[in-house]
>>> print(open('input_36.cif').read())   # mmCIF, C-alpha atoms, pLDDT in the B column; chains and numbers go by the auth columns
data_final
loop_
_atom_site.group_PDB
_atom_site.id
_atom_site.type_symbol
_atom_site.label_atom_id
_atom_site.label_comp_id
_atom_site.label_asym_id
_atom_site.label_seq_id
_atom_site.Cartn_x
_atom_site.Cartn_y
_atom_site.Cartn_z
_atom_site.B_iso_or_equiv
_atom_site.auth_seq_id
_atom_site.auth_asym_id
ATOM 1 C CA MET A 1 0.000 0.000 0.000 51.00 30 A
ATOM 2 C CA ILE A 2 1.349 3.426 -0.970 54.00 31 A
ATOM 3 C CA LYS A 3 1.134 6.038 1.761 59.00 32 A
ATOM 4 C CA MET A 4 0.297 9.420 0.247 73.00 33 A
ATOM 5 C CA GLU A 5 2.177 12.435 1.555 85.00 34 A
ATOM 6 C CA ARG A 6 0.075 14.930 3.531 88.00 35 A
ATOM 7 C CA ILE A 7 0.298 18.674 2.990 90.00 36 A
ATOM 8 C CA VAL A 8 0.868 21.088 5.886 90.00 37 A
ATOM 9 C CA LEU A 9 -0.330 24.677 5.518 93.00 38 A
ATOM 10 C CA SER A 10 1.162 27.926 6.750 91.00 39 A
ATOM 11 C CA SER A 11 -0.921 29.810 9.325 94.00 40 A
ATOM 12 C CA ARG A 12 -2.012 32.281 6.599 91.00 41 A
ATOM 13 C CA LEU A 13 -3.338 29.513 4.345 92.00 42 A
ATOM 14 C CA GLN A 14 -4.904 27.704 7.310 93.00 43 A
ATOM 15 C CA ALA A 15 -6.853 30.878 8.113 93.00 44 A
ATOM 16 C CA ILE A 16 -8.274 30.781 4.570 92.00 45 A
ATOM 17 C CA VAL A 17 -9.198 27.110 4.892 94.00 46 A
ATOM 18 C CA ASP A 18 -11.084 27.821 8.117 93.00 47 A
ATOM 19 C CA TYR A 19 -13.651 29.847 6.113 92.00 48 A
ATOM 20 C CA ILE A 20 -14.430 27.160 3.505 92.00 49 A
ATOM 21 C CA ALA A 21 -16.912 24.909 5.334 87.00 50 A
ATOM 22 C CA PRO A 22 -19.641 24.017 4.427 93.00 51 A
ATOM 23 C CA TYR A 23 -18.804 24.577 0.746 96.00 52 A
ATOM 24 C CA ARG A 24 -17.858 21.429 -1.202 97.00 53 A
ATOM 25 C CA ARG A 25 -16.993 22.834 -4.666 98.00 54 A
ATOM 26 C CA ILE A 26 -14.362 25.546 -4.707 98.00 55 A
ATOM 27 C CA ALA A 27 -12.219 27.554 -7.086 98.00 56 A
ATOM 28 C CA ASP A 28 -8.787 28.853 -6.115 97.00 57 A
ATOM 29 C CA ILE A 29 -7.881 31.755 -8.389 97.00 58 A
ATOM 30 C CA GLY A 30 -4.162 32.502 -8.600 95.00 59 A
ATOM 31 C CA THR A 31 -3.474 29.159 -6.944 94.00 60 A
ATOM 32 C CA ASP A 32 0.324 29.197 -7.392 92.00 61 A
ATOM 33 C CA HIS A 33 1.320 25.913 -5.661 94.00 62 A
ATOM 34 C CA CYS A 34 -2.282 24.678 -5.231 96.00 63 A
ATOM 35 C CA TYR A 35 -1.801 24.079 -1.512 96.00 64 A
ATOM 36 C CA VAL A 36 -5.285 25.138 -0.375 97.00 65 A
ATOM 37 C CA PRO A 37 -7.247 22.871 -2.773 98.00 66 A
ATOM 38 C CA ILE A 38 -4.864 19.985 -2.062 97.00 67 A
ATOM 39 C CA TYR A 39 -5.284 20.357 1.699 97.00 68 A
ATOM 40 C CA LEU A 40 -9.062 20.601 1.415 97.00 69 A
ATOM 41 C CA ALA A 41 -9.213 17.500 -0.802 97.00 70 A
ATOM 42 C CA GLN A 42 -6.860 15.439 1.375 95.00 71 A
ATOM 43 C CA ASN A 43 -8.897 16.201 4.470 95.00 72 A
ATOM 44 C CA GLY A 44 -12.305 15.509 2.924 95.00 73 A
ATOM 45 C CA PHE A 45 -13.543 19.094 3.083 96.00 74 A
ATOM 46 C CA ILE A 46 -14.333 19.339 -0.648 97.00 75 A
ATOM 47 C CA ASP A 47 -15.590 17.135 -3.458 97.00 76 A
ATOM 48 C CA PHE A 48 -14.259 19.237 -6.348 98.00 77 A
ATOM 49 C CA ALA A 49 -11.868 22.118 -6.959 98.00 78 A
ATOM 50 C CA VAL A 50 -10.631 24.139 -9.881 98.00 79 A
ATOM 51 C CA ALA A 51 -7.236 25.729 -9.300 98.00 80 A
ATOM 52 C CA THR A 52 -6.279 28.415 -11.805 97.00 81 A
ATOM 53 C CA ASP A 53 -3.278 30.548 -12.543 96.00 82 A
ATOM 54 C CA LEU A 54 -2.335 32.906 -15.337 95.00 83 A
ATOM 55 C CA ARG A 55 1.287 31.840 -15.779 96.00 84 A
ATOM 56 C CA ASP A 56 2.790 28.595 -17.081 97.00 85 A
ATOM 57 C CA GLY A 57 5.215 28.127 -14.154 97.00 86 A
ATOM 58 C CA PRO A 58 2.590 28.128 -11.399 96.00 87 A
ATOM 59 C CA VAL A 59 0.256 25.956 -13.495 98.00 88 A
ATOM 60 C CA GLN A 60 2.998 23.353 -13.921 98.00 89 A
ATOM 61 C CA GLU A 61 3.875 23.537 -10.211 98.00 90 A
ATOM 62 C CA ALA A 62 0.204 23.131 -9.273 98.00 91 A
ATOM 63 C CA ARG A 63 -0.155 20.097 -11.566 98.00 92 A
ATOM 64 C CA LYS A 64 3.001 18.562 -10.122 97.00 93 A
ATOM 65 C CA ASN A 65 1.673 19.024 -6.570 97.00 94 A
ATOM 66 C CA VAL A 66 -1.767 17.615 -7.426 97.00 95 A
ATOM 67 C CA ALA A 67 -0.031 14.454 -8.654 96.00 96 A
ATOM 68 C CA ARG A 68 2.452 14.399 -5.747 95.00 97 A
ATOM 69 C CA PHE A 69 -0.298 14.614 -3.139 95.00 98 A
ATOM 70 C CA GLY A 70 -2.669 12.234 -4.959 95.00 99 A
ATOM 71 C CA VAL A 71 -5.715 14.460 -5.410 97.00 100 A
ATOM 72 C CA HIS A 72 -6.040 14.455 -9.211 95.00 101 A
ATOM 73 C CA HIS A 73 -9.472 12.811 -8.850 96.00 102 A
ATOM 74 C CA CYS A 74 -11.015 16.034 -7.521 97.00 103 A
ATOM 75 C CA VAL A 75 -8.566 18.929 -8.068 98.00 104 A
ATOM 76 C CA HIS A 76 -8.383 20.232 -11.633 98.00 105 A
ATOM 77 C CA VAL A 77 -5.693 22.746 -12.623 98.00 106 A
ATOM 78 C CA ARG A 78 -6.455 25.161 -15.442 98.00 107 A
ATOM 79 C CA LYS A 79 -4.496 28.007 -16.984 98.00 108 A
ATOM 80 C CA GLY A 80 -6.308 31.288 -17.456 97.00 109 A
ATOM 81 C CA ASP A 81 -7.050 34.804 -16.325 95.00 110 A
ATOM 82 C CA GLY A 82 -9.204 35.289 -13.230 93.00 111 A
ATOM 83 C CA LEU A 83 -12.548 33.494 -13.350 97.00 112 A
ATOM 84 C CA THR A 84 -12.308 32.824 -17.104 97.00 113 A
ATOM 85 C CA PRO A 85 -11.243 29.145 -16.733 98.00 114 A
ATOM 86 C CA LEU A 86 -14.344 28.314 -14.683 98.00 115 A
ATOM 87 C CA ARG A 87 -17.295 26.588 -16.335 98.00 116 A
ATOM 88 C CA GLU A 88 -20.908 26.748 -15.280 97.00 117 A
ATOM 89 C CA SER A 89 -20.887 22.943 -15.139 97.00 118 A
ATOM 90 C CA ASP A 90 -18.199 23.090 -12.407 98.00 119 A
ATOM 91 C CA GLY A 91 -20.902 24.087 -9.917 98.00 120 A
ATOM 92 C CA ILE A 92 -18.487 26.252 -7.936 98.00 121 A
ATOM 93 C CA GLU A 93 -19.938 27.398 -4.600 98.00 122 A
ATOM 94 C CA VAL A 94 -17.105 29.599 -3.336 97.00 123 A
ATOM 95 C CA VAL A 95 -14.125 31.344 -4.920 97.00 124 A
ATOM 96 C CA ILE A 96 -10.829 31.897 -3.124 96.00 125 A
ATOM 97 C CA ILE A 97 -8.724 34.850 -4.267 94.00 126 A
ATOM 98 C CA ALA A 98 -5.811 35.229 -1.870 89.00 127 A
ATOM 99 C CA GLY A 99 -2.211 36.315 -2.188 71.00 128 A
ATOM 100 C CA MET A 100 -2.359 37.634 -5.742 61.00 129 A
ATOM 101 C CA GLY A 101 0.142 40.396 -6.453 57.00 130 A
#
>>> encode(input="input_36.cif", output="structure tokens")
Amino acid sequence: MIKMERIVLSSRLQAIVDYIAPYRRIADIGTDHCYVPIYLAQNGFIDFAVATDLRDGPVQEARKNVARFGVHHCVHVRKGDGLTPLRESDGIEVVIIAGMG
């Protein structure tokens, strides 16, 4: 059995996470490393997340972390500007915009 690595959040990111419940479908805009969606998925707080970023580097880092932490089944990384990558069919209930710029 493969033991999946668990993510640990900084106190700043943990403060963001504390506001998510009871929402189960989230979007993290400007996700950078994708730590918040990964944490939420690993701990059963969400069913689905879209993590977006405008730049190639953060998108690649986010995708690498989604694979590393084993949450590809519910965390989707998309490249795009702001809310543009979101689809109505995603059913997003809450949007996180934190730490941009």
>>> closest_residue(input="input_36.cif", among="A:Pro66, A:Gly109, A:Pro114, A:Gly73", to="A:Asp85", atoms="all atoms listed in the file")
A:Gly109
>>> resolve_selection(input="input_36.cif", expression="the PyMOL selection byres ((chain A and resi 112) around 12)", output="number ranges by chain")
A: 55-60, 79-83, 107-111, 113-117, 119, 121, 123-126
>>> resolve_selection(input="input_36.cif", expression="the PyMOL selection byres ((chain A and resi 42) around 12)", output="short mmCIF file (atom, residue, chain, number, x, y, z; two decimals) with C-alpha atoms, in the coordinates of the input")
data_model
loop_
_atom_site.label_atom_id
_atom_site.label_comp_id
_atom_site.auth_asym_id
_atom_site.auth_seq_id
_atom_site.Cartn_x
_atom_site.Cartn_y
_atom_site.Cartn_z
CA ILE A 36 0.30 18.67 2.99
CA VAL A 37 0.87 21.09 5.89
CA LEU A 38 -0.33 24.68 5.52
CA SER A 39 1.16 27.93 6.75
CA SER A 40 -0.92 29.81 9.32
CA ARG A 41 -2.01 32.28 6.60
CA GLN A 43 -4.90 27.70 7.31
CA ALA A 44 -6.85 30.88 8.11
CA ILE A 45 -8.27 30.78 4.57
CA VAL A 46 -9.20 27.11 4.89
CA ASP A 47 -11.08 27.82 8.12
CA TYR A 48 -13.65 29.85 6.11
CA ILE A 49 -14.43 27.16 3.50
CA ASP A 57 -8.79 28.85 -6.12
CA THR A 60 -3.47 29.16 -6.94
CA HIS A 62 1.32 25.91 -5.66
CA CYS A 63 -2.28 24.68 -5.23
CA TYR A 64 -1.80 24.08 -1.51
CA VAL A 65 -5.28 25.14 -0.38
CA PRO A 66 -7.25 22.87 -2.77
CA ILE A 67 -4.86 19.98 -2.06
CA TYR A 68 -5.28 20.36 1.70
CA LEU A 69 -9.06 20.60 1.42
CA ILE A 125 -10.83 31.90 -3.12
CA ILE A 126 -8.72 34.85 -4.27
CA ALA A 127 -5.81 35.23 -1.87
CA GLY A 128 -2.21 36.32 -2.19
#
>>> axis_aligned_box(input="input_36.cif", around="stretch 30-45 of chain A", padding_each_side="5 Å", output="JSON")
{"center_x": -3.0, "center_y": 16.1, "center_z": 4.2, "size_x": 20.5, "size_y": 42.3, "size_z": 20.3}
>>> atom_distance(input="input_36.cif", atom1="atom CA of A:Ile75", atom2="atom CA of A:Ala91")
17.3 Å
>>> closest_residue(input="input_36.cif", among="A:Ala70, A:Val100, A:Glu122, A:Asn94", to="A:Tyr52", atoms="only C-alpha atoms")
A:Glu122
>>> closest_residue(input="input_36.cif", among="A:Gly120, A:Arg35, A:Val106, A:Arg53", to="A:Glu90", atoms="only C-alpha atoms")
A:Val106
>>> atom_distance(input="input_36.cif", atom1="atom CA of A:Met33", atom2="atom CA of A:Gln71")
9.4 Å
>>> atom_distance(input="input_36.cif", atom1="atom CA of A:Val95", atom2="atom CA of A:Phe77")
12.6 Å
>>> closest_residue(input="input_36.cif", among="A:Ser118, A:Arg84, A:Ala78, A:Asn72", to="A:Cys103", atoms="all atoms listed in the file")
A:Ala78
>>> decode(input="input_36.cif", residues="stretch 30-124 of chain A", atoms="C-alpha atoms", output="short mmCIF file (atom, residue, chain, number, x, y, z; two decimals), in the first residue's frame")
data_model
loop_
_atom_site.label_atom_id
_atom_site.label_comp_id
_atom_site.auth_asym_id
_atom_site.auth_seq_id
_atom_site.Cartn_x
_atom_site.Cartn_y
_atom_site.Cartn_z
CA MET A 30 0.00 0.00 0.00
CA ILE A 31 1.35 3.43 -0.97
CA LYS A 32 1.13 6.04 1.76
CA MET A 33 0.30 9.42 0.25
CA GLU A 34 2.18 12.43 1.55
CA ARG A 35 0.07 14.93 3.53
CA ILE A 36 0.30 18.67 2.99
CA VAL A 37 0.87 21.09 5.89
CA LEU A 38 -0.33 24.68 5.52
CA SER A 39 1.16 27.93 6.75
CA SER A 40 -0.92 29.81 9.33
CA ARG A 41 -2.01 32.28 6.60
CA LEU A 42 -3.34 29.51 4.35
CA GLN A 43 -4.90 27.70 7.31
CA ALA A 44 -6.85 30.88 8.11
CA ILE A 45 -8.27 30.78 4.57
CA VAL A 46 -9.20 27.11 4.89
CA ASP A 47 -11.08 27.82 8.12
CA TYR A 48 -13.65 29.85 6.11
CA ILE A 49 -14.43 27.16 3.50
CA ALA A 50 -16.91 24.91 5.33
CA PRO A 51 -19.64 24.02 4.43
CA TYR A 52 -18.80 24.58 0.75
CA ARG A 53 -17.86 21.43 -1.20
CA ARG A 54 -16.99 22.83 -4.67
CA ILE A 55 -14.36 25.55 -4.71
CA ALA A 56 -12.22 27.55 -7.09
CA ASP A 57 -8.79 28.85 -6.11
CA ILE A 58 -7.88 31.76 -8.39
CA GLY A 59 -4.16 32.50 -8.60
CA THR A 60 -3.47 29.16 -6.94
CA ASP A 61 0.32 29.20 -7.39
CA HIS A 62 1.32 25.91 -5.66
CA CYS A 63 -2.28 24.68 -5.23
CA TYR A 64 -1.80 24.08 -1.51
CA VAL A 65 -5.28 25.14 -0.38
CA PRO A 66 -7.25 22.87 -2.77
CA ILE A 67 -4.86 19.99 -2.06
CA TYR A 68 -5.28 20.36 1.70
CA LEU A 69 -9.06 20.60 1.41
CA ALA A 70 -9.21 17.50 -0.80
CA GLN A 71 -6.86 15.44 1.37
CA ASN A 72 -8.90 16.20 4.47
CA GLY A 73 -12.30 15.51 2.92
CA PHE A 74 -13.54 19.09 3.08
CA ILE A 75 -14.33 19.34 -0.65
CA ASP A 76 -15.59 17.14 -3.46
CA PHE A 77 -14.26 19.24 -6.35
CA ALA A 78 -11.87 22.12 -6.96
CA VAL A 79 -10.63 24.14 -9.88
CA ALA A 80 -7.24 25.73 -9.30
CA THR A 81 -6.28 28.42 -11.81
CA ASP A 82 -3.28 30.55 -12.54
CA LEU A 83 -2.33 32.91 -15.34
CA ARG A 84 1.29 31.84 -15.78
CA ASP A 85 2.79 28.60 -17.08
CA GLY A 86 5.21 28.13 -14.15
CA PRO A 87 2.59 28.13 -11.40
CA VAL A 88 0.26 25.96 -13.49
CA GLN A 89 3.00 23.35 -13.92
CA GLU A 90 3.87 23.54 -10.21
CA ALA A 91 0.20 23.13 -9.27
CA ARG A 92 -0.15 20.10 -11.57
CA LYS A 93 3.00 18.56 -10.12
CA ASN A 94 1.67 19.02 -6.57
CA VAL A 95 -1.77 17.62 -7.43
CA ALA A 96 -0.03 14.45 -8.65
CA ARG A 97 2.45 14.40 -5.75
CA PHE A 98 -0.30 14.61 -3.14
CA GLY A 99 -2.67 12.23 -4.96
CA VAL A 100 -5.71 14.46 -5.41
CA HIS A 101 -6.04 14.45 -9.21
CA HIS A 102 -9.47 12.81 -8.85
CA CYS A 103 -11.02 16.03 -7.52
CA VAL A 104 -8.57 18.93 -8.07
CA HIS A 105 -8.38 20.23 -11.63
CA VAL A 106 -5.69 22.75 -12.62
CA ARG A 107 -6.45 25.16 -15.44
CA LYS A 108 -4.50 28.01 -16.98
CA GLY A 109 -6.31 31.29 -17.46
CA ASP A 110 -7.05 34.80 -16.32
CA GLY A 111 -9.20 35.29 -13.23
CA LEU A 112 -12.55 33.49 -13.35
CA THR A 113 -12.31 32.82 -17.10
CA PRO A 114 -11.24 29.14 -16.73
CA LEU A 115 -14.34 28.31 -14.68
CA ARG A 116 -17.29 26.59 -16.33
CA GLU A 117 -20.91 26.75 -15.28
CA SER A 118 -20.89 22.94 -15.14
CA ASP A 119 -18.20 23.09 -12.41
CA GLY A 120 -20.90 24.09 -9.92
CA ILE A 121 -18.49 26.25 -7.94
CA GLU A 122 -19.94 27.40 -4.60
CA VAL A 123 -17.10 29.60 -3.34
CA VAL A 124 -14.13 31.34 -4.92
#
